[in-house]
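S.K.: Structure file upload06.cif (mmCIF, C-alpha atoms) right here:
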data_structure
loop_
_atom_site.label_atom_id
_atom_site.label_comp_id
_atom_site.auth_asym_id
_atom_site.auth_seq_id
_atom_site.Cartn_x
_atom_site.Cartn_y
_atom_site.Cartn_z
CA MET Q 1 72.27 91.63 122.67
CA ASN Q 2 71.14 88.17 121.78
CA GLY Q 3 72.72 86.01 119.15
CA VAL Q 4 70.33 86.76 116.31
CA LEU Q 5 70.75 90.51 116.64
CA VAL Q 6 74.52 90.20 116.70
CA ALA Q 7 74.53 88.03 113.60
CA VAL Q 8 72.12 90.29 111.69
CA LEU Q 9 73.98 93.49 112.52
CA ASN Q 10 77.35 92.05 111.61
CA THR Q 11 76.02 90.71 108.33
CA LEU Q 12 74.40 94.01 107.41
CA VAL Q 13 77.51 96.05 108.14
CA ILE Q 14 79.82 93.71 106.29
CA ALA Q 15 77.44 93.61 103.34
CA GLY Q 16 77.39 97.40 103.32
CA ALA Q 17 81.19 97.51 103.31
CA LEU Q 18 81.30 95.07 100.42
CA VAL Q 19 78.71 96.96 98.38
CA SER Q 20 80.46 100.30 98.84
CA ALA Q 21 83.85 98.78 98.03
CA VAL Q 22 82.52 97.32 94.78
CA THR Q 23 80.94 100.71 94.03
CA ALA Q 24 84.33 102.33 94.52
CA VAL Q 25 85.74 100.17 91.76
CA HIS Q 26 82.86 100.47 89.32
CA ALA Q 27 81.84 104.10 89.83
CA PRO Q 28 81.72 106.07 86.58
CA ARG Q 29 83.30 109.20 88.03
CA LEU Q 30 86.32 109.51 90.32
CA ILE Q 31 84.53 111.65 92.85
CA GLY Q 32 81.92 108.91 93.21
CA ALA Q 33 84.66 106.40 93.87
CA VAL Q 34 86.15 108.63 96.55
CA LEU Q 35 82.81 108.94 98.31
CA ALA Q 36 82.33 105.17 98.09
CA LEU Q 37 85.70 104.77 99.80
CA ALA Q 38 84.49 107.07 102.54
CA ALA Q 39 81.40 104.90 102.93
CA THR Q 40 83.56 101.78 103.13
CA GLY Q 41 85.64 103.34 105.88
CA SER Q 42 82.52 104.27 107.80
CA PHE Q 43 81.09 100.75 107.54
CA VAL Q 44 84.34 99.23 108.72
CA GLY Q 45 84.35 101.66 111.63
CA LEU Q 46 80.83 100.56 112.50
CA GLU Q 47 81.97 96.95 112.42
CA PHE Q 48 84.76 97.81 114.84
CA ILE Q 49 82.17 99.25 117.21
CA LEU Q 50 80.18 96.03 116.95
CA LEU Q 51 83.33 94.10 117.81
CA GLN Q 52 83.72 96.22 120.96
CA ALA Q 53 86.86 98.14 119.95
CA PRO Q 54 85.88 101.82 120.13
CA ASP Q 55 89.45 103.13 119.98
CA VAL Q 56 90.06 101.43 116.67
CA ALA Q 57 86.66 102.58 115.43
CA ILE Q 58 87.45 106.25 116.13
CA ALA Q 59 90.82 105.89 114.43
CA GLU Q 60 89.32 104.18 111.38
CA VAL Q 61 86.54 106.72 110.90
CA SER Q 62 88.70 109.76 111.48
CA VAL Q 63 91.50 108.62 109.19
CA GLY Q 64 89.80 106.46 106.59
CA ALA Q 65 86.48 108.21 106.18
CA ILE Q 66 87.40 111.83 106.86
CA LEU Q 67 91.07 112.57 106.35
CA SER Q 68 91.70 110.22 103.45
CA THR Q 69 88.60 111.48 101.66
CA ILE Q 70 89.70 115.07 102.10
CA LEU Q 71 93.15 114.32 100.72
CA TYR Q 72 91.67 112.52 97.72
CA ILE Q 73 89.30 115.38 96.96
CA VAL Q 74 92.09 117.94 97.23
CA ALA Q 75 94.20 115.86 94.86
CA LEU Q 76 91.31 115.60 92.39
CA ARG Q 77 90.81 119.34 92.50
CA LYS Q 78 94.47 119.85 91.82
CA VAL Q 79 94.15 117.84 88.66
CA ARG Q 80 91.01 119.51 87.40
CA GLU Q 81 90.55 123.16 88.29
CA VAL Q 82 86.80 123.14 88.84
CA ASN Q 83 85.60 123.35 92.41
CA ILE Q 84 82.35 122.48 94.05
CA ARG Q 85 81.35 126.05 94.85
CA ASP Q 86 80.86 128.58 92.13
CA THR Q 87 83.93 130.16 90.63
CA VAL Q 88 83.38 132.30 87.59
CA VAL Q 89 86.53 131.69 85.65
CA GLY Q 90 87.35 128.10 86.32
CA ALA Q 91 84.13 126.31 85.45
CA GLU Q 92 83.47 128.13 82.18
CA ALA Q 93 87.03 127.81 80.97
CA ALA Q 94 87.05 124.13 81.77
CA GLU Q 95 83.79 123.52 79.95
CA LYS Q 96 84.94 125.49 76.96
CA ALA Q 97 88.13 123.50 76.80
CA ASP Q 98 86.78 120.03 76.32
CA GLY Q 99 83.17 119.91 77.37
CA ARG Q 100 83.70 118.08 80.66
CA LYS Q 101 82.38 119.45 83.87
CA GLY Q 102 85.28 118.33 86.00
CA MET Q 103 85.81 115.84 88.83
CA GLU Q 104 85.83 112.99 86.31
CA MET T 1 120.56 91.81 78.85
CA ASN T 2 119.43 95.31 79.49
CA ARG T 3 118.03 96.69 82.71
CA LYS T 4 114.39 96.10 81.93
CA LYS T 5 114.90 92.41 81.34
CA ILE T 6 116.88 91.98 84.54
CA SER T 7 114.29 93.77 86.64
CA SER T 8 111.42 91.82 85.13
CA LEU T 9 113.33 88.59 85.68
CA VAL T 10 113.92 89.47 89.32
CA LEU T 11 110.26 90.35 89.72
CA ALA T 12 109.13 87.08 88.18
CA ALA T 13 111.54 85.09 90.35
CA SER T 14 110.40 86.77 93.57
CA LEU T 15 106.75 86.28 92.67
CA ALA T 16 107.40 82.63 91.97
CA VAL T 17 109.16 82.22 95.32
CA ILE T 18 106.29 83.89 97.16
CA LEU T 19 103.68 81.77 95.42
CA ILE T 20 105.51 78.50 95.98
CA CYS T 21 106.16 79.25 99.65
CA GLY T 22 102.57 80.33 100.15
CA ALA T 23 101.21 77.20 98.55
CA ALA T 24 103.52 74.95 100.56
CA SER T 25 102.58 76.62 103.84
CA ALA T 26 98.87 76.42 103.03
CA VAL T 27 99.19 72.71 102.32
CA GLN T 28 101.10 72.19 105.55
CA MET T 29 98.51 74.12 107.54
CA ALA T 30 95.74 72.05 106.08
CA LEU T 31 97.47 68.79 106.90
CA GLY T 32 98.57 69.69 110.41
CA ALA T 33 96.47 70.07 113.54
CA PRO T 34 94.73 73.43 113.99
CA THR T 35 96.46 75.65 116.51
CA TYR T 36 93.25 77.37 117.57
CA ASP T 37 89.94 75.72 116.87
CA GLY T 38 87.84 78.36 118.57
CA SER T 39 86.10 75.90 120.84
CA GLY T 40 86.80 77.99 123.87
CA THR T 41 84.97 81.10 122.66
CA ASP T 42 81.46 81.78 121.54
CA VAL T 43 80.79 85.19 120.10
CA THR T 44 77.28 85.51 121.43
CA ALA T 45 78.38 84.38 124.89
CA LEU T 46 80.99 87.12 124.84
CA TYR T 47 78.30 89.70 124.36
CA GLU T 48 76.01 88.33 127.02
CA HIS T 49 78.49 87.13 129.65
CA PRO T 50 81.88 88.77 129.13
CA GLU T 51 83.30 87.09 132.21
CA SER T 52 82.92 83.67 130.63
CA TYR T 53 85.73 84.31 128.16
CA ASP T 54 88.09 81.35 128.35
CA ASN T 55 91.58 82.70 128.67
CA SER T 56 93.10 79.85 130.61
CA ALA T 57 94.96 78.41 127.66
CA ALA T 58 97.08 81.48 126.94
CA ASP T 59 100.81 80.93 127.13
CA GLY T 60 103.94 82.97 126.92
CA VAL T 61 103.54 86.69 126.49
CA ALA T 62 99.80 86.35 125.99
CA ALA T 63 99.45 84.94 129.50
CA VAL T 64 101.15 87.97 131.00
CA MET T 65 99.13 90.38 128.93
CA VAL T 66 95.83 88.73 129.63
CA ASN T 67 96.14 87.69 133.25
CA GLU T 68 98.59 89.99 134.96
CA ASN T 69 98.16 93.16 133.00
CA MET T 70 96.60 95.44 135.56
CA GLU T 71 98.70 94.23 138.47
CA LYS T 72 102.09 94.43 136.85
CA THR T 73 101.63 97.81 135.26
CA ALA T 74 99.93 100.62 137.11
CA ALA T 75 97.77 101.36 134.09
CA LYS T 76 94.13 102.32 134.22
CA ASN T 77 93.09 100.37 131.19
CA VAL T 78 94.14 97.11 129.61
CA VAL T 79 94.08 98.37 126.02
CA TYR T 80 95.99 101.48 127.02
CA SER T 81 98.58 99.38 128.75
CA VAL T 82 99.03 97.14 125.74
CA VAL T 83 99.33 100.02 123.30
CA PHE T 84 101.74 102.17 125.29
CA ASN T 85 103.50 99.73 127.57
CA TYR T 86 103.82 96.27 126.12
CA ARG T 87 103.68 97.54 122.54
CA GLY T 88 105.13 100.98 123.04
CA TYR T 89 107.75 100.31 120.42
CA ASP T 90 105.04 99.63 117.87
CA THR T 91 103.43 102.95 118.72
CA LEU T 92 106.77 104.63 118.14
CA GLY T 93 106.94 103.03 114.72
CA GLU T 94 103.44 104.17 113.97
CA SER T 95 104.44 107.73 114.76
CA PHE T 96 107.30 107.37 112.33
CA ILE T 97 104.82 106.37 109.65
CA LEU T 98 103.21 109.76 109.98
CA ILE T 99 106.55 111.53 109.75
CA GLY T 100 107.38 109.55 106.63
CA ALA T 101 104.05 110.41 105.03
CA ILE T 102 104.55 114.10 105.67
CA ALA T 103 108.11 113.96 104.35
CA GLY T 104 106.85 112.33 101.17
CA THR T 105 104.10 114.91 100.75
CA MET T 106 106.60 117.69 101.27
CA ALA T 107 108.88 116.20 98.64
CA ILE T 108 106.07 116.28 96.12
CA LEU T 109 104.09 119.37 96.97
CA ARG T 110 106.28 121.91 98.70
CA ARG T 111 107.18 125.03 96.76
CA GLU T 112 110.61 126.23 97.65
CA LYS T 113 110.89 129.86 96.61
CA ARG T 114 107.67 131.34 95.47
CA ALA T 115 108.37 134.97 96.34
CA PRO T 116 111.68 135.21 98.20
CA LYS T 117 111.47 138.81 99.33
CA GLN T 118 107.79 139.06 99.99
CA VAL T 119 107.64 138.82 103.74
CA VAL T 120 104.32 140.31 104.75
CA ASP T 121 102.64 140.49 108.09
CA TYR T 122 99.00 139.94 108.84
CA ALA T 123 97.91 143.32 107.56
CA GLY T 124 99.64 142.91 104.25
CA ARG T 125 102.53 145.24 104.98
CA GLY T 126 106.12 144.28 104.43
CA PHE T 127 108.78 143.94 107.09
CA GLY T 128 111.82 146.18 107.39
CA GLU T 129 113.77 146.91 104.26
CA THR T 130 111.63 144.75 102.05
CA ALA T 131 108.67 147.06 102.57
CA ALA T 132 110.01 149.64 100.14
CA GLN T 133 110.72 146.89 97.64
CA ALA T 134 107.21 145.53 98.03
CA LYS T 135 105.78 148.89 97.16
CA THR T 136 107.84 149.31 94.00
CA ASP T 137 107.79 145.72 92.73
CA PRO T 138 104.89 144.63 90.56
CA PRO T 139 102.37 142.59 92.53
CA VAL T 140 103.23 138.92 92.59
CA VAL T 141 100.29 136.56 92.48
CA SER T 142 101.62 134.12 95.00
CA ALA T 143 102.55 136.69 97.61
CA GLY T 144 101.31 136.31 101.13
CA ALA T 145 98.99 139.28 100.91
CA ALA T 146 96.64 137.95 98.25
CA PRO T 147 97.24 134.30 97.59
CA GLU T 148 94.01 133.54 95.79
CA GLY T 149 94.67 135.13 92.43
CA GLY T 150 94.51 138.70 93.70
CA ARG T 151 90.87 138.48 94.72
CA TYR T 152 90.31 137.78 98.39
CA ARG T 153 86.69 136.87 98.24
CA ARG T 154 85.04 136.69 101.63
CA ARG T 155 83.25 133.52 102.39
CA PRO T 156 79.55 133.59 103.24
CA LEU T 157 78.65 134.94 106.64
CA ILE T 158 77.25 131.69 107.90
CA MET T 159 80.50 129.89 107.28
CA ARG T 160 82.50 132.51 109.10
CA CYS T 161 80.09 132.53 112.02
CA GLY T 162 80.01 128.76 112.10
CA CYS T 163 83.79 128.59 112.23
CA ASP T 164 83.93 131.21 114.97
CA PHE T 165 81.51 129.18 117.02
CA LEU T 166 82.90 125.73 116.34
CA LEU T 167 86.64 126.36 116.36
CA PRO T 168 87.20 126.33 120.12
CA LEU T 169 84.80 123.43 120.42
CA ALA T 170 86.72 121.40 117.86
CA ALA T 171 90.08 122.12 119.47
CA VAL T 172 88.88 121.36 122.98
CA TYR T 173 87.03 118.23 121.91
CA GLY T 174 90.08 116.89 120.13
CA TRP T 175 92.23 117.44 123.17
CA TYR T 176 89.55 115.99 125.43
CA ILE T 177 89.76 112.77 123.44
CA VAL T 178 93.54 112.80 123.78
CA LEU T 179 93.65 113.51 127.49
CA HIS T 180 90.88 111.10 128.43
CA GLY T 181 92.43 108.31 126.41
CA ALA T 182 92.85 106.11 129.45
CA ILE T 183 89.30 106.19 130.71
CA SER T 184 87.22 106.69 127.59
CA PRO T 185 87.52 105.60 123.96
CA GLY T 186 90.11 107.60 122.16
CA GLY T 187 93.75 108.17 122.87
CA GLY T 188 96.54 110.00 121.20
CA PHE T 189 96.04 109.12 117.55
CA GLN T 190 92.32 109.61 117.41
CA GLY T 191 92.27 112.88 119.31
CA GLY T 192 95.15 114.27 117.29
CA VAL T 193 93.29 113.78 114.03
CA LEU T 194 90.18 115.39 115.48
CA ALA T 195 92.12 118.35 116.83
CA ALA T 196 93.67 118.87 113.41
CA GLY T 197 90.21 119.46 111.98
CA THR T 198 90.59 123.07 113.04
CA VAL T 199 92.70 123.66 109.93
CA LEU T 200 89.77 122.64 107.77
CA LEU T 201 87.35 124.82 109.70
CA VAL T 202 89.58 127.86 109.23
CA TYR T 203 90.06 127.03 105.55
CA LEU T 204 86.33 126.74 104.93
CA ALA T 205 85.59 130.03 106.63
CA TYR T 206 88.56 132.23 105.85
CA GLY T 207 90.32 130.64 102.91
CA LEU T 208 94.00 130.10 102.52
CA THR T 209 94.74 133.58 103.80
CA GLY T 210 93.14 132.69 107.10
CA VAL T 211 95.02 129.41 107.30
CA ARG T 212 98.29 131.21 106.68
CA ARG T 213 97.53 133.75 109.36
CA VAL T 214 96.59 131.23 112.00
CA PHE T 215 98.96 128.34 111.35
CA HIS T 216 102.64 128.27 110.51
CA GLY T 217 103.76 125.18 108.63
CA GLY T 218 107.42 125.31 109.60
CA PHE T 219 106.64 125.61 113.29
CA LEU T 220 104.18 122.73 113.12
CA HIS T 221 106.71 120.51 111.39
CA ALA T 222 109.38 121.35 113.93
CA SER T 223 107.02 120.74 116.85
CA GLU T 224 105.95 117.43 115.37
CA THR T 225 109.54 116.27 115.33
CA LEU T 226 109.99 117.56 118.85
CA ALA T 227 106.98 115.57 120.00
CA GLU T 228 108.51 112.43 118.55
CA ILE T 229 111.74 113.03 120.42
CA LEU T 230 109.69 113.72 123.54
CA TYR T 231 107.96 110.37 123.16
CA VAL T 232 111.29 108.56 123.09
CA PHE T 233 112.51 110.56 126.04
CA ILE T 234 109.45 109.70 128.10
CA ALA T 235 109.76 106.06 127.14
CA LEU T 236 113.37 106.12 128.35
CA MET T 237 112.52 107.75 131.65
CA GLY T 238 112.32 104.55 133.63
CA ILE T 239 115.59 103.09 132.40
CA PHE T 240 117.60 104.40 135.31
CA GLU T 241 115.14 102.83 137.73
CA GLY T 242 115.64 99.44 136.19
CA VAL T 243 112.45 98.97 134.18
CA ASN T 244 112.09 98.31 130.46
CA PHE T 245 111.81 100.70 127.58
CA CYS T 246 108.28 102.15 127.42
CA PHE T 247 107.39 100.64 130.77
CA ASN T 248 104.60 102.36 132.61
CA PHE T 249 106.81 104.05 135.12
CA VAL T 250 104.97 105.91 137.83
CA LEU T 251 106.58 109.29 138.36
CA SER T 252 104.76 110.56 141.42
CA GLY T 253 101.32 109.80 142.75
CA THR T 254 99.10 109.05 139.77
CA GLU T 255 101.35 110.60 137.15
CA GLU T 256 102.54 107.83 134.90
CA THR T 257 104.56 107.70 131.73
CA ALA T 258 101.89 105.99 129.64
CA MET T 259 99.76 109.08 130.09
CA LEU T 260 102.62 111.35 129.04
CA MET T 261 103.37 109.17 126.04
CA ASN T 262 99.72 109.37 125.08
CA ASP T 263 99.86 113.18 125.23
CA ALA T 264 103.06 113.26 123.21
CA VAL T 265 101.49 111.07 120.55
CA GLY T 266 98.41 113.29 120.50
CA TYR T 267 100.50 116.41 119.97
CA HIS T 268 102.60 114.66 117.36
CA VAL T 269 99.60 113.51 115.36
CA MET T 270 97.86 116.86 115.60
CA ALA T 271 100.89 118.79 114.38
CA GLY T 272 101.53 116.24 111.66
CA ILE T 273 98.02 116.21 110.28
CA CYS T 274 97.88 120.02 110.42
CA CYS T 275 101.13 120.08 108.42
CA LEU T 276 99.71 117.63 105.89
CA LEU T 277 96.49 119.58 105.42
CA ILE T 278 98.32 122.89 105.09
CA LEU T 279 100.61 121.39 102.46
CA MET T 280 97.72 120.04 100.40
CA LEU T 281 95.69 123.25 100.67
CA GLU T 282 98.64 125.42 99.71
CA ALA T 283 99.38 123.27 96.68
CA LEU T 284 95.75 123.44 95.65
CA ASN T 285 95.35 127.18 95.91
CA THR T 286 98.74 128.05 94.47
CA ASP T 287 97.89 126.15 91.33
CA ARG T 288 94.55 127.84 91.02
CA ALA T 289 96.07 131.28 91.56
CA GLU T 290 98.75 130.71 88.95
CA GLU T 291 96.23 129.44 86.44
CA GLN T 292 94.07 132.50 86.96
CA GLN T 293 97.13 134.66 86.49
CA THR T 294 97.99 133.14 83.13
CA GLU T 295 94.52 133.53 81.68
#
Write out the structure in this file as structure tokens.

M.R.:
Amino acid sequence: MNGVLVAVLNTLVIAGALVSAVTAVHAPRLIGAVLALAATGSFVGLEFILLQAPDVAIAEVSVGAILSTILYIVALRKVREVNIRDTVVGAEAAEKADGRKGME
Amino acid sequence: MNRKKISSLVLAASLAVILICGAASAVQMALGAPTYDGSGTDVTALYEHPESYDNSAADGVAAVMVNENMEKTAAKNVVYSVVFNYRGYDTLGESFILIGAIAGTMAILRREKRAPKQVVDYAGRGFGETAAQAKTDPPVVSAGAAPEGGRYRRRPLIMRCGCDFLLPLAAVYGWYIVLHGAISPGGGFQGGVLAAGTVLLVYLAYGLTGVRRVFHGGFLHASETLAEILYVFIALMGIFEGVNFCFNFVLSGTEETAMLMNDAVGYHVMAGICCLLILMLEALNTDRAEEQQTE
């Protein structure tokens, strides 16, 4: 790995982390923000691999991009009873209530 | 002055102290000589020639960790030795973080007495003298037999088949990462989280009923605490031989305490994350079941 490749890869990954972090703040829906946080965790994990720390990379991806995202999505579902798959009762009742489709 | 004013005053005072100290230290750092100017390292040289890393100027603890790590401790890996030997106390604290997180989640999400007499086994029958009661009582929504609003809808076939195929693979792969922590990337924390993904596989394929049949939250919580105590016990094993706390004490042959501590941490993290996921999934489905009951 010569110097130019190292510099380019690092810059790309850090730029990706920045873009997804800004998306997490400015996303219009909460579920979009949660997925942007997952993307940020993945980019940071990739940066850890580039810095030659694979243990930390595995920990970051498994906790920040997978587990934390799952906990956030479960918490969002607890607040709004509409799930991603099709349930008959929940989605229609929620839409009838105030016109929102949920996960917002 | 009432309580709100006092608390806001204290907050403002502490913020002011932090800001002033931070500004003063930044000014002092800018005026003084730099402690590390980075002239000894070049990032691209590290990638191309790792042996050219200049570690001759390390002093104190850093000198021991950098230069004499593999000779002093019988560890297989420098990172491993730092995490479990020189910084074993930090790893203990990190395990406590997980216990604290699960305790907090339990405080928020755990339901104490949903159906006190409804003790059902895997086939939906009651145990002992509560069986007669279960037959005569009106069906409770949050009973163990039908937790999802009275309709146990089977998941699609492909999800069930996928879980049947992937479940042993996920469990074994997670434990492979734990057990090979010394010689491949991974270790206790990482492998524990991966091994706890089995809860999610079972939930996706069999729903909360399946999760309740396969896992038991109380047992997982108890075993997580036991793993923590085991970690401390293993770290204390070498004390009678005259070595430090968490020192990599070789028991016999190639069996060493850093490896056992790694396994204990892996078990601790796996049980803890399983507990956490079961708590969140139970809270989710219980709410949905109760809402469907009230409609």

S.K.: Do me a favour and pick out the residues of chain Q within 9 Å of chain T, using all atoms listed in the file, as a PyMOL selection string.

M.R.: chain Q and resi 1-4+6-7+53-56+58-60+62-63+67+70-71+74-75+77-78+81+89-90

S.K.: For C-alpha atoms, I'd like the residues from the last selection saved as a PDB file, in the coordinates of the input.

M.R.:
ATOM      1  CA  MET Q   1      72.270  91.630 122.670  1.00  0.00           C
ATOM      2  CA  ASN Q   2      71.140  88.170 121.780  1.00  0.00           C
ATOM      3  CA  GLY Q   3      72.720  86.010 119.150  1.00  0.00           C
ATOM      4  CA  VAL Q   4      70.330  86.760 116.310  1.00  0.00           C
ATOM      5  CA  VAL Q   6      74.520  90.200 116.700  1.00  0.00           C
ATOM      6  CA  ALA Q   7      74.530  88.030 113.600  1.00  0.00           C
ATOM      7  CA  ALA Q  53      86.860  98.140 119.950  1.00  0.00           C
ATOM      8  CA  PRO Q  54      85.880 101.820 120.130  1.00  0.00           C
ATOM      9  CA  ASP Q  55      89.450 103.130 119.980  1.00  0.00           C
ATOM     10  CA  VAL Q  56      90.060 101.430 116.670  1.00  0.00           C
ATOM     11  CA  ILE Q  58      87.450 106.250 116.130  1.00  0.00           C
ATOM     12  CA  ALA Q  59      90.820 105.890 114.430  1.00  0.00           C
ATOM     13  CA  GLU Q  60      89.320 104.180 111.380  1.00  0.00           C
ATOM     14  CA  SER Q  62      88.700 109.760 111.480  1.00  0.00           C
ATOM     15  CA  VAL Q  63      91.500 108.620 109.190  1.00  0.00           C
ATOM     16  CA  LEU Q  67      91.070 112.570 106.350  1.00  0.00           C
ATOM     17  CA  ILE Q  70      89.700 115.070 102.100  1.00  0.00           C
ATOM     18  CA  LEU Q  71      93.150 114.320 100.720  1.00  0.00           C
ATOM     19  CA  VAL Q  74      92.090 117.940  97.230  1.00  0.00           C
ATOM     20  CA  ALA Q  75      94.200 115.860  94.860  1.00  0.00           C
ATOM     21  CA  ARG Q  77      90.810 119.340  92.500  1.00  0.00           C
ATOM     22  CA  LYS Q  78      94.470 119.850  91.820  1.00  0.00           C
ATOM     23  CA  GLU Q  81      90.550 123.160  88.290  1.00  0.00           C
ATOM     24  CA  VAL Q  89      86.530 131.690  85.650  1.00  0.00           C
ATOM     25  CA  GLY Q  90      87.350 128.100  86.320  1.00  0.00           C
TER      26      GLY Q  90
END

S.K.: One decimal, in Å: what's the spacing between atom CA of Q:Leu50 and atom CA of Q:Val13?

M.R.: 9.2 Å

S.K.: Rank nothing, just name the residue among T:Ala271, T:Ala101, T:Met237, T:Ile278 nearest to T:Glu224, using all atoms listed in the file.

M.R.: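 Looking at the shortest contact to T:Glu224, the residue is T:Ala271.
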
S.K.: Name the closest residue to Q:Thr23 among the candidates Q:Leu46, Q:Ile73, Q:Val8, Q:Ala39; distances are taken between atoms, counting only C-alpha atoms.

M.R.: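 Going through Q:Leu46, Q:Ile73, Q:Val8, Q:Ala39 one by one, the smallest distance to Q:Thr23 is for Q:Ala39.
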
S.K.: May I ask for the distance between atom CA of T:Ala107 and atom CA of T:Gly217, given in Å to one decimal place?

M.R.: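 The value is 14.4 Å.
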
S.K.: Atom CA of T:Phe249 to atom CA of T:Glu94: how many Å, to one decimal?

M.R.: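 According to the coordinates, atom CA of T:Phe249 and atom CA of T:Glu94 are separated by 21.4 Å.
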
S.K.: Point out the residue among T:Thr198, T:Thr225, T:Asn77, T:Asn244 with the least atom-to-atom distance to T:Met259, counting all atoms listed in the file.

M.R.: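 Once distances to T:Met259 are computed over all atoms listed in the file, the minimum belongs to T:Asn77.
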
S.K.: Exactly which residues make up the result of the PyMOL selection byres ((chain T and resi 204) around 10) on this file, given as a list in words?

M.R.: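 Checking the PyMOL selection byres ((chain T and resi 204) around 10) against this file, the residues are Arg155, Pro156, Met159, Arg160, Gly162, Cys163, Thr198, Val199, Leu200, Leu201, Val202, Tyr203, Ala205, Tyr206, Gly207, Leu208, Gly210 and Val211 of chain T.
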
S.K.: Which of these residues is nearest to T:Leu92, using only C-alpha atoms: T:Leu220, T:Ile239, T:Leu251, T:Ala227?

M.R.: T:Ala227

S.K.: Let me know the residues the PyMOL selection byres ((chain Q and resi 21) around 9) catches in the file above, as a compact mmCIF listing (two decimals) with C-alpha atoms, in the coordinates of the input.

M.R.:
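Result went into out-v3.txt, see below:
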# COMPACT_ATOMS: atom_id res chain seq x y z
CA GLY Q 16 77.39 97.40 103.32
CA ALA Q 17 81.19 97.51 103.31
CA LEU Q 18 81.30 95.07 100.42
CA VAL Q 19 78.71 96.96 98.38
CA SER Q 20 80.46 100.30 98.84
CA VAL Q 22 82.52 97.32 94.78
CA THR Q 23 80.94 100.71 94.03
CA ALA Q 24 84.33 102.33 94.52
CA VAL Q 25 85.74 100.17 91.76
CA HIS Q 26 82.86 100.47 89.32
CA ALA Q 33 84.66 106.40 93.87
CA ALA Q 36 82.33 105.17 98.09
CA LEU Q 37 85.70 104.77 99.80
CA ALA Q 39 81.40 104.90 102.93
CA THR Q 40 83.56 101.78 103.13

S.K.: Let me make sure I understand: among Q:Pro28, Q:Asn10, Q:Val34, Q:Ala15, which one has the smallest atom-to-atom distance to Q:Tyr72 if we use all atoms listed in the file?

M.R.: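 Smallest distance to Q:Tyr72 is found for Q:Val34.
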
S.K.: For T:Glu228, find every residue with an atom within 12 Å (counting all atoms listed in the file), except residues of its own chain fewer than 2 positions away, and show them as a PyMOL selection string.

M.R.: chain T and resi 91-99+221-226+230-235+261-272

S.K.: Ranking T:Leu179, T:Ala23, T:Ala13, T:Leu31 by minimum distance to T:Ala195 and counting all atoms listed in the file, which one comes first?

M.R.: T:Leu179
